[in-house]
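Student: If it helps, the file is called start_19.tsv and holds TSV, C-alpha atoms:
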chain	number	residue	atom	x	y	z
S	1	MET	CA	-9.98	2.78	-21.27
S	2	LYS	CA	-6.39	2.73	-20.16
S	3	SER	CA	-5.35	1.87	-16.64
S	4	PRO	CA	-2.71	3.98	-14.89
S	5	VAL	CA	-1.17	0.77	-13.53
S	6	PRO	CA	0.94	-1.28	-16.00
S	7	ARG	CA	-1.06	-4.37	-16.95
S	8	PHE	CA	-0.12	-7.06	-19.45
S	9	ARG	CA	-2.33	-7.37	-22.49
S	10	ASP	CA	-3.25	-10.96	-23.21
S	11	VAL	CA	-5.52	-10.96	-26.24
S	12	GLU	CA	-8.09	-8.74	-27.90
S	13	ARG	CA	-11.11	-10.37	-29.48
S	14	GLN	CA	-13.78	-9.03	-31.78
S	15	ALA	CA	-17.32	-9.87	-30.81
S	16	GLY	CA	-18.16	-10.97	-34.34
S	17	SER	CA	-15.64	-13.81	-34.25
S	18	LEU	CA	-17.10	-15.43	-31.13
S	19	GLN	CA	-19.81	-18.06	-30.96
S	20	PRO	CA	-22.97	-17.06	-29.07
S	21	THR	CA	-22.32	-19.57	-26.28
S	22	GLN	CA	-23.11	-19.01	-22.66
S	23	CYS	CA	-20.39	-17.32	-20.65
S	24	VAL	CA	-19.14	-19.98	-18.22
S	25	PRO	CA	-15.71	-19.48	-16.65
S	26	PRO	CA	-13.59	-22.35	-15.31
S	27	CYS	CA	-14.72	-23.90	-12.07
S	28	HIS	CA	-12.90	-23.35	-8.80
S	29	ASP	CA	-9.78	-25.51	-8.80
S	30	ARG	CA	-10.28	-26.39	-5.08
S	31	PRO	CA	-14.07	-26.61	-4.55
S	32	ASN	CA	-14.06	-28.75	-1.39
S	33	THR	CA	-11.00	-27.52	0.49
S	34	MET	CA	-10.75	-24.86	3.16
S	35	TRP	CA	-8.97	-21.66	2.22
S	36	PHE	CA	-5.75	-21.41	4.21
S	37	ILE	CA	-2.50	-19.65	3.30
S	38	ARG	CA	0.56	-21.74	4.13
S	39	ASP	CA	2.79	-18.83	5.11
S	40	ALA	CA	5.07	-19.35	8.13
S	41	CYS	CA	5.02	-15.69	9.18
S	42	GLY	CA	1.23	-15.47	8.88
S	43	ILE	CA	0.67	-18.71	10.81
S	44	VAL	CA	2.96	-17.51	13.64
S	45	CYS	CA	1.19	-14.14	13.77
S	46	GLY	CA	-2.20	-15.86	13.83
S	47	VAL	CA	-1.16	-18.13	16.70
S	48	ILE	CA	0.25	-15.13	18.61
S	49	THR	CA	-3.05	-13.31	18.15
S	50	TRP	CA	-5.02	-16.15	19.74
S	51	MET	CA	-2.45	-16.53	22.56
S	52	LEU	CA	-2.71	-12.83	23.40
S	53	VAL	CA	-6.50	-13.06	23.59
S	54	PHE	CA	-6.25	-16.13	25.84
S	55	PHE	CA	-3.73	-14.31	28.05
S	56	ALA	CA	-6.16	-11.43	28.44
S	57	GLU	CA	-8.91	-13.95	29.27
S	58	PHE	CA	-6.70	-15.52	31.94
S	59	VAL	CA	-5.84	-12.23	33.63
S	60	VAL	CA	-9.39	-10.88	33.48
S	61	LEU	CA	-10.95	-14.05	34.89
S	62	PHE	CA	-8.44	-15.39	37.39
S	63	VAL	CA	-6.80	-12.16	38.56
S	64	MET	CA	-9.65	-9.65	38.54
S	65	LEU	CA	-13.14	-11.19	38.32
S	66	LEU	CA	-13.11	-14.50	40.20
S	67	PRO	CA	-11.40	-13.09	43.33
S	68	SER	CA	-13.84	-10.17	43.41
S	69	LYS	CA	-16.31	-10.08	46.27
S	70	ASN	CA	-18.94	-8.36	44.13
S	71	LEU	CA	-20.73	-11.19	42.31
S	72	THR	CA	-22.80	-8.87	40.09
S	73	TYR	CA	-19.68	-7.00	38.97
S	74	SER	CA	-17.96	-10.29	38.09
S	75	LEU	CA	-20.94	-11.74	36.22
S	76	VAL	CA	-21.68	-8.63	34.16
S	77	ASN	CA	-18.10	-7.88	33.19
S	78	GLY	CA	-17.27	-11.55	32.65
S	79	THR	CA	-20.22	-11.98	30.30
S	80	ILE	CA	-19.41	-8.84	28.32
S	81	PHE	CA	-15.69	-9.57	28.03
S	82	ASN	CA	-16.07	-13.24	27.10
S	83	SER	CA	-18.78	-12.47	24.54
S	84	LEU	CA	-16.62	-9.83	22.84
S	85	ALA	CA	-13.55	-12.09	22.97
S	86	PHE	CA	-15.52	-14.95	21.40
S	87	LEU	CA	-16.78	-12.68	18.59
S	88	ALA	CA	-13.23	-11.37	18.05
S	89	LEU	CA	-11.78	-14.87	17.68
S	90	ALA	CA	-14.68	-15.97	15.46
S	91	SER	CA	-14.14	-12.92	13.23
S	92	HIS	CA	-10.41	-13.67	13.08
S	93	PHE	CA	-11.10	-17.27	12.05
S	94	ARG	CA	-13.54	-16.19	9.32
S	95	ALA	CA	-11.16	-13.54	8.01
S	96	MET	CA	-8.32	-16.07	7.95
S	97	CYS	CA	-10.16	-19.06	6.49
S	98	THR	CA	-12.69	-17.41	4.19
S	99	ASP	CA	-12.03	-18.40	0.59
S	100	PRO	CA	-12.11	-15.20	-1.50
S	101	VAL	CA	-13.49	-17.31	-4.34
S	102	ARG	CA	-17.26	-17.70	-4.33
S	103	ASP	CA	-17.60	-19.75	-7.52
S	104	HIS	CA	-18.57	-23.12	-6.10
S	105	LYS	CA	-21.27	-23.18	-8.77
S	106	CYS	CA	-18.81	-22.14	-11.49
S	107	LEU	CA	-19.72	-18.45	-11.28
S	108	ILE	CA	-17.46	-15.47	-11.87
S	109	ASN	CA	-15.14	-14.92	-8.91
S	110	LEU	CA	-15.60	-12.08	-6.48
S	111	GLY	CA	-12.25	-12.37	-4.76
S	112	ALA	CA	-9.23	-14.49	-5.62
S	113	VAL	CA	-8.76	-15.46	-9.24
S	114	PRO	CA	-8.21	-19.15	-10.10
S	115	LYS	CA	-4.70	-19.87	-11.30
S	116	GLY	CA	-4.12	-20.55	-14.96
S	117	ASN	CA	-7.56	-19.53	-16.23
S	118	ALA	CA	-6.09	-17.48	-19.09
S	119	THR	CA	-6.98	-20.11	-21.68
S	120	LYS	CA	-8.20	-19.54	-25.21
S	121	GLU	CA	-11.49	-21.31	-24.47
S	122	TYR	CA	-12.19	-19.18	-21.42
S	123	ILE	CA	-11.36	-15.96	-23.23
S	124	GLU	CA	-13.73	-16.89	-26.02
S	125	SER	CA	-16.47	-17.72	-23.49
S	126	LEU	CA	-16.36	-14.11	-22.23
S	127	GLN	CA	-17.85	-12.94	-25.57
S	128	LEU	CA	-15.95	-9.69	-25.58
S	129	LYS	CA	-17.33	-6.69	-27.38
S	130	PRO	CA	-15.33	-4.89	-30.09
S	131	GLY	CA	-12.43	-2.96	-28.56
S	132	GLN	CA	-12.52	-4.75	-25.23
S	133	VAL	CA	-9.25	-6.15	-23.93
S	134	VAL	CA	-8.43	-8.74	-21.28
S	135	TYR	CA	-5.20	-8.71	-19.31
S	136	LYS	CA	-3.09	-11.62	-18.15
S	137	CYS	CA	-1.10	-11.61	-14.92
S	138	PRO	CA	2.42	-12.86	-15.73
S	139	LYS	CA	2.88	-14.17	-12.18
S	140	CYS	CA	-0.10	-16.48	-11.76
S	141	CYS	CA	-1.05	-16.90	-15.46
S	142	SER	CA	-4.61	-15.79	-14.83
S	143	ILE	CA	-6.94	-13.31	-16.44
S	144	LYS	CA	-6.66	-10.19	-14.32
S	145	PRO	CA	-10.04	-8.65	-13.42
S	146	ASP	CA	-10.49	-4.94	-13.08
S	147	ARG	CA	-9.34	-3.61	-9.67
S	148	ALA	CA	-7.32	-6.78	-9.03
S	149	HIS	CA	-3.75	-6.92	-7.69
S	150	HIS	CA	-1.38	-9.84	-7.38
S	151	CYS	CA	-0.47	-10.92	-3.85
S	152	SER	CA	3.02	-12.39	-3.58
S	153	VAL	CA	2.08	-14.25	-0.38
S	154	CYS	CA	-1.23	-15.75	-1.54
S	155	LYS	CA	0.26	-16.18	-5.03
S	156	ARG	CA	-3.02	-15.09	-6.57
S	157	CYS	CA	-4.64	-12.03	-8.05
S	158	ILE	CA	-7.12	-10.64	-5.52
S	159	ARG	CA	-9.95	-8.44	-6.71
S	160	LYS	CA	-10.36	-5.27	-4.60
S	161	MET	CA	-7.36	-6.27	-2.51
S	162	ASP	CA	-6.84	-3.82	0.35
S	163	HIS	CA	-3.68	-5.37	1.80
S	164	HIS	CA	-2.22	-8.65	2.97
S	165	CYS	CA	-2.48	-8.85	6.75
S	166	PRO	CA	-0.10	-11.28	8.49
S	167	TRP	CA	-2.22	-11.14	11.68
S	168	VAL	CA	-5.07	-12.90	9.87
S	169	ASN	CA	-2.72	-14.74	7.49
S	170	ASN	CA	-4.79	-13.70	4.50
S	171	CYS	CA	-5.48	-10.93	2.06
S	172	VAL	CA	-8.20	-8.46	2.97
S	173	GLY	CA	-10.44	-8.35	-0.08
S	174	GLU	CA	-14.06	-7.78	-0.91
S	175	ASN	CA	-15.16	-11.24	0.24
S	176	ASN	CA	-13.66	-11.19	3.76
S	177	GLN	CA	-13.38	-7.48	4.50
S	178	LYS	CA	-16.45	-7.64	6.73
S	179	TYR	CA	-14.79	-10.20	9.01
S	180	PHE	CA	-11.57	-8.20	9.18
S	181	VAL	CA	-13.48	-5.04	10.15
S	182	LEU	CA	-15.37	-6.97	12.84
S	183	PHE	CA	-12.11	-8.45	14.11
S	184	THR	CA	-10.50	-5.04	14.56
S	185	MET	CA	-13.67	-3.66	16.16
S	186	TYR	CA	-14.05	-6.46	18.71
S	187	ILE	CA	-10.34	-6.46	19.58
S	188	ALA	CA	-10.53	-2.71	20.19
S	189	LEU	CA	-13.59	-3.19	22.41
S	190	ILE	CA	-12.07	-5.94	24.58
S	191	SER	CA	-8.85	-3.91	24.83
S	192	LEU	CA	-10.79	-0.89	26.08
S	193	HIS	CA	-12.85	-3.03	28.43
S	194	SER	CA	-9.77	-4.70	29.91
S	195	LEU	CA	-8.08	-1.32	30.46
S	196	VAL	CA	-11.12	-0.04	32.36
S	197	MET	CA	-11.19	-3.16	34.54
S	198	VAL	CA	-7.44	-2.90	35.24
S	199	VAL	CA	-7.87	0.68	36.48
S	200	PHE	CA	-10.75	-0.31	38.77
S	201	HIS	CA	-8.84	-3.32	40.06
S	202	PHE	CA	-5.77	-1.23	40.88
S	203	LEU	CA	-7.95	1.24	42.81
S	204	TYR	CA	-9.64	-1.62	44.64
S	205	CYS	CA	-6.30	-3.21	45.59
S	206	PHE	CA	-4.86	0.09	46.79
S	207	GLU	CA	-7.81	0.61	49.10
S	208	ASP	CA	-7.88	-3.00	50.29
S	209	ASP	CA	-5.22	-5.53	51.22
S	210	TRP	CA	-3.25	-6.74	48.16
S	211	THR	CA	-3.27	-10.27	49.54
S	212	LYS	CA	-7.06	-10.32	49.48
S	213	CYS	CA	-7.77	-8.70	46.08
S	214	SER	CA	-6.20	-11.52	44.06
S	215	SER	CA	-5.53	-15.23	44.33
S	216	PHE	CA	-1.94	-14.60	43.23
S	217	SER	CA	0.86	-13.01	45.21
S	218	PRO	CA	1.04	-9.18	45.12
S	219	PRO	CA	4.16	-9.08	42.86
S	220	ALA	CA	2.62	-11.58	40.41
S	221	THR	CA	-0.66	-9.66	40.41
S	222	VAL	CA	1.08	-6.37	39.65
S	223	ILE	CA	3.14	-7.90	36.83
S	224	LEU	CA	0.11	-9.56	35.22
S	225	LEU	CA	-1.94	-6.35	35.42
S	226	ILE	CA	0.88	-4.26	33.94
S	227	LEU	CA	1.31	-6.75	31.07
S	228	LEU	CA	-2.43	-6.70	30.39
S	229	CYS	CA	-2.46	-2.91	30.55
S	230	PHE	CA	0.39	-2.70	28.04
S	231	GLU	CA	-1.25	-5.24	25.74
S	232	GLY	CA	-4.64	-3.54	25.93
S	233	LEU	CA	-3.25	-0.06	25.25
S	234	LEU	CA	-1.11	-1.26	22.33
S	235	PHE	CA	-3.88	-3.16	20.58
S	236	LEU	CA	-6.51	-0.54	21.34
S	237	ILE	CA	-4.48	2.02	19.41
S	238	PHE	CA	-3.53	-0.37	16.60
S	239	THR	CA	-6.96	-1.89	15.98
S	240	SER	CA	-8.75	1.45	16.33
S	241	VAL	CA	-6.57	2.92	13.59
S	242	MET	CA	-7.11	-0.16	11.40
S	243	PHE	CA	-10.86	-0.04	12.00
S	244	GLY	CA	-10.98	3.64	11.05
S	245	THR	CA	-8.94	3.16	7.86
S	246	GLN	CA	-11.08	0.18	6.83
S	247	VAL	CA	-14.35	2.06	7.33
S	248	HIS	CA	-12.95	5.01	5.38
S	249	SER	CA	-11.82	2.68	2.61
S	250	ILE	CA	-15.28	1.12	2.43
S	251	CYS	CA	-17.11	4.46	2.41
S	252	THR	CA	-14.91	5.87	-0.36
S	253	ASP	CA	-14.92	2.56	-2.28
S	254	GLU	CA	-11.17	2.76	-2.67
S	255	THR	CA	-8.82	0.08	-1.38
S	256	GLY	CA	-5.59	0.76	0.48
S	257	ILE	CA	-3.51	-0.23	-2.56
S	258	GLU	CA	-5.56	2.00	-4.85
S	259	GLN	CA	-5.06	4.92	-2.46
S	260	LEU	CA	-1.35	4.23	-2.16
S	261	LYS	CA	-0.84	3.98	-5.92
S	262	LYS	CA	-3.27	6.86	-6.54
S	263	GLU	CA	-5.01	4.86	-9.24
S	264	GLU	CA	-7.54	6.60	-11.43
S	265	ARG	CA	-11.14	5.79	-10.51
S	266	ARG	CA	-12.67	3.77	-13.34
S	267	TRP	CA	-15.73	2.48	-11.49
S	268	ALA	CA	-19.09	4.07	-10.75
S	269	LYS	CA	-19.24	6.22	-7.63
S	270	LYS	CA	-21.85	5.19	-5.07
S	271	THR	CA	-23.05	6.65	-1.81
S	272	LYS	CA	-21.28	5.75	1.44
S	273	TRP	CA	-24.32	3.84	2.65
S	274	MET	CA	-24.44	1.75	-0.54
S	275	ASN	CA	-20.74	0.99	-0.18
S	276	MET	CA	-21.29	-0.16	3.41
S	277	LYS	CA	-24.15	-2.43	2.34
S	278	ALA	CA	-22.01	-3.85	-0.47
S	279	VAL	CA	-19.51	-5.10	2.14
S	280	PHE	CA	-21.77	-6.02	5.07
S	281	GLY	CA	-24.83	-7.17	3.11
S	282	HIS	CA	-28.34	-6.05	2.27
S	283	PRO	CA	-30.21	-4.69	4.13
S	284	PHE	CA	-28.92	-3.31	7.44
S	285	SER	CA	-29.53	-5.72	10.32
S	286	ILE	CA	-27.93	-7.20	13.42
S	287	ALA	CA	-26.21	-9.64	11.05
S	288	TRP	CA	-23.77	-6.85	10.17
S	289	PHE	CA	-22.12	-7.41	13.54
S	290	SER	CA	-22.09	-11.21	13.36
S	291	PRO	CA	-19.04	-13.08	12.02
S	292	PHE	CA	-21.32	-16.08	11.42
S	293	SER	CA	-23.46	-14.25	8.86
S	294	THR	CA	-22.18	-14.32	5.29
S	295	PRO	CA	-22.96	-11.04	3.50
S	296	ASP	CA	-24.90	-11.15	0.25
S	297	HIS	CA	-22.64	-9.46	-2.30
S	298	GLY	CA	-25.06	-9.97	-5.12
S	299	LYS	CA	-24.21	-11.35	-8.53
S	300	ALA	CA	-20.89	-10.62	-10.14
S	301	ASP	CA	-20.53	-8.72	-13.36
S	302	PRO	CA	-19.54	-11.21	-16.12
S	303	TYR	CA	-17.51	-8.45	-17.81
S	304	GLN	CA	-15.42	-7.51	-14.76
S	305	TYR	CA	-12.46	-9.24	-16.44
S	306	VAL	CA	-12.43	-6.81	-19.37
S	307	VAL	CA	-11.87	-3.10	-19.85
Is it possible to express this structure as structure tokens?

Tutor:
Amino acid sequence: MKSPVPRFRDVERQAGSLQPTQCVPPCHDRPNTMWFIRDACGIVCGVITWMLVFFAEFVVLFVMLLPSKNLTYSLVNGTIFNSLAFLALASHFRAMCTDPVRDHKCLINLGAVPKGNATKEYIESLQLKPGQVVYKCPKCCSIKPDRAHHCSVCKRCIRKMDHHCPWVNNCVGENNQKYFVLFTMYIALISLHSLVMVVFHFLYCFEDDWTKCSSFSPPATVILLILLCFEGLLFLIFTSVMFGTQVHSICTDETGIEQLKKEERRWAKKTKWMNMKAVFGHPFSIAWFSPFSTPDHGKADPYQYVV
């Protein structure tokens, strides 16, 4: 079957010429190291993301909640906001540092493709059937799986790559898409929550004395609240749009790059619910909303490298 996207043919093998050995691809070339992209722009964006969350924490706690005379209001909103902020930062960390390769036991990869695996021995180990063809990426010298695209920042081919996000300093692929979706969801929630609290705090300060509604001076309080309001509104819009596009991409089982390039669908069509479970894990549970729970993607298809 031909792909509408130009792909480089590496070698075509007949099944009769291969030995009946077990299909074992090369092991991960970095089995004991943490996945981290050394990109200056991505690192700066990641640091800015954490600083913005900490700024929101500072304003919410020290400008609005701690000076409040209503203890119940402060405790409830402080618990909700800090819990959501913690989950947002945890999701960001998992999305940024999750290795797209899940072959620590020398299994077929589900995300990033190891560099330089386009060797004769590995191709023969795939035991290709007659007429099947494997493709080699000329940029990273790796066998290119179906639905994989090369990322110029990660310098790897990423299977089911949606896009490279500088805010998480990583590609969004099938192995960390859950964490990216949770990150956008929790950032949108804390942005909305902070906006609601800013409105209530402004109303409270207008009715009361400005010198008593905050531990800071009135000008400093106004400036901090306006900055938080601007930040919350900006990121509420941005992350809500990203969350919606990611959920749509998951339900349709079509990545952002595939939609942009209008690639022909060559994979089996599944229901929206099955697509959601393929990303967040089986079955549905509270673990879907936890960045500490690793979804079970199931076993990889050993022939995903061939077409």

Student: What's around Phe230 of chain S at 12 Å? Count only C-alpha atoms, leave out sequence neighbours fewer than 3 positions away in its own chain, and write the answer as a PyMOL selection string.

Tutor: chain S and resi 52+56+191-192+194-195+198+223-227+233-237

Student: Could you state the separation of atom CA of Ser152 of chain S and atom CA of Gly46 of chain S in Å, given to one decimal place?

Tutor: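 Result for atom CA of Ser152 of chain S versus atom CA of Gly46 of chain S: 18.5 Å, one decimal.
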
Student: Report, in Å to a single decimal, how far apart atom CA of Leu66 of chain S and atom CA of Met51 of chain S are.

Tutor: 20.7 Å

Student: Atom CA of Val53 of chain S and atom CA of Phe36 of chain S, how far apart in Å?

Tutor: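 So the two atoms, atom CA of Phe36 of chain S and atom CA of Val53 of chain S, lie 21.1 Å apart.
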
Student: Please provide as a count of residues only all residues within 10 Å of His193 of chain S, with the sequence filter that same-chain residues fewer than 3 positions apart are discarded (counting all atoms listed in the file).

Tutor: 14
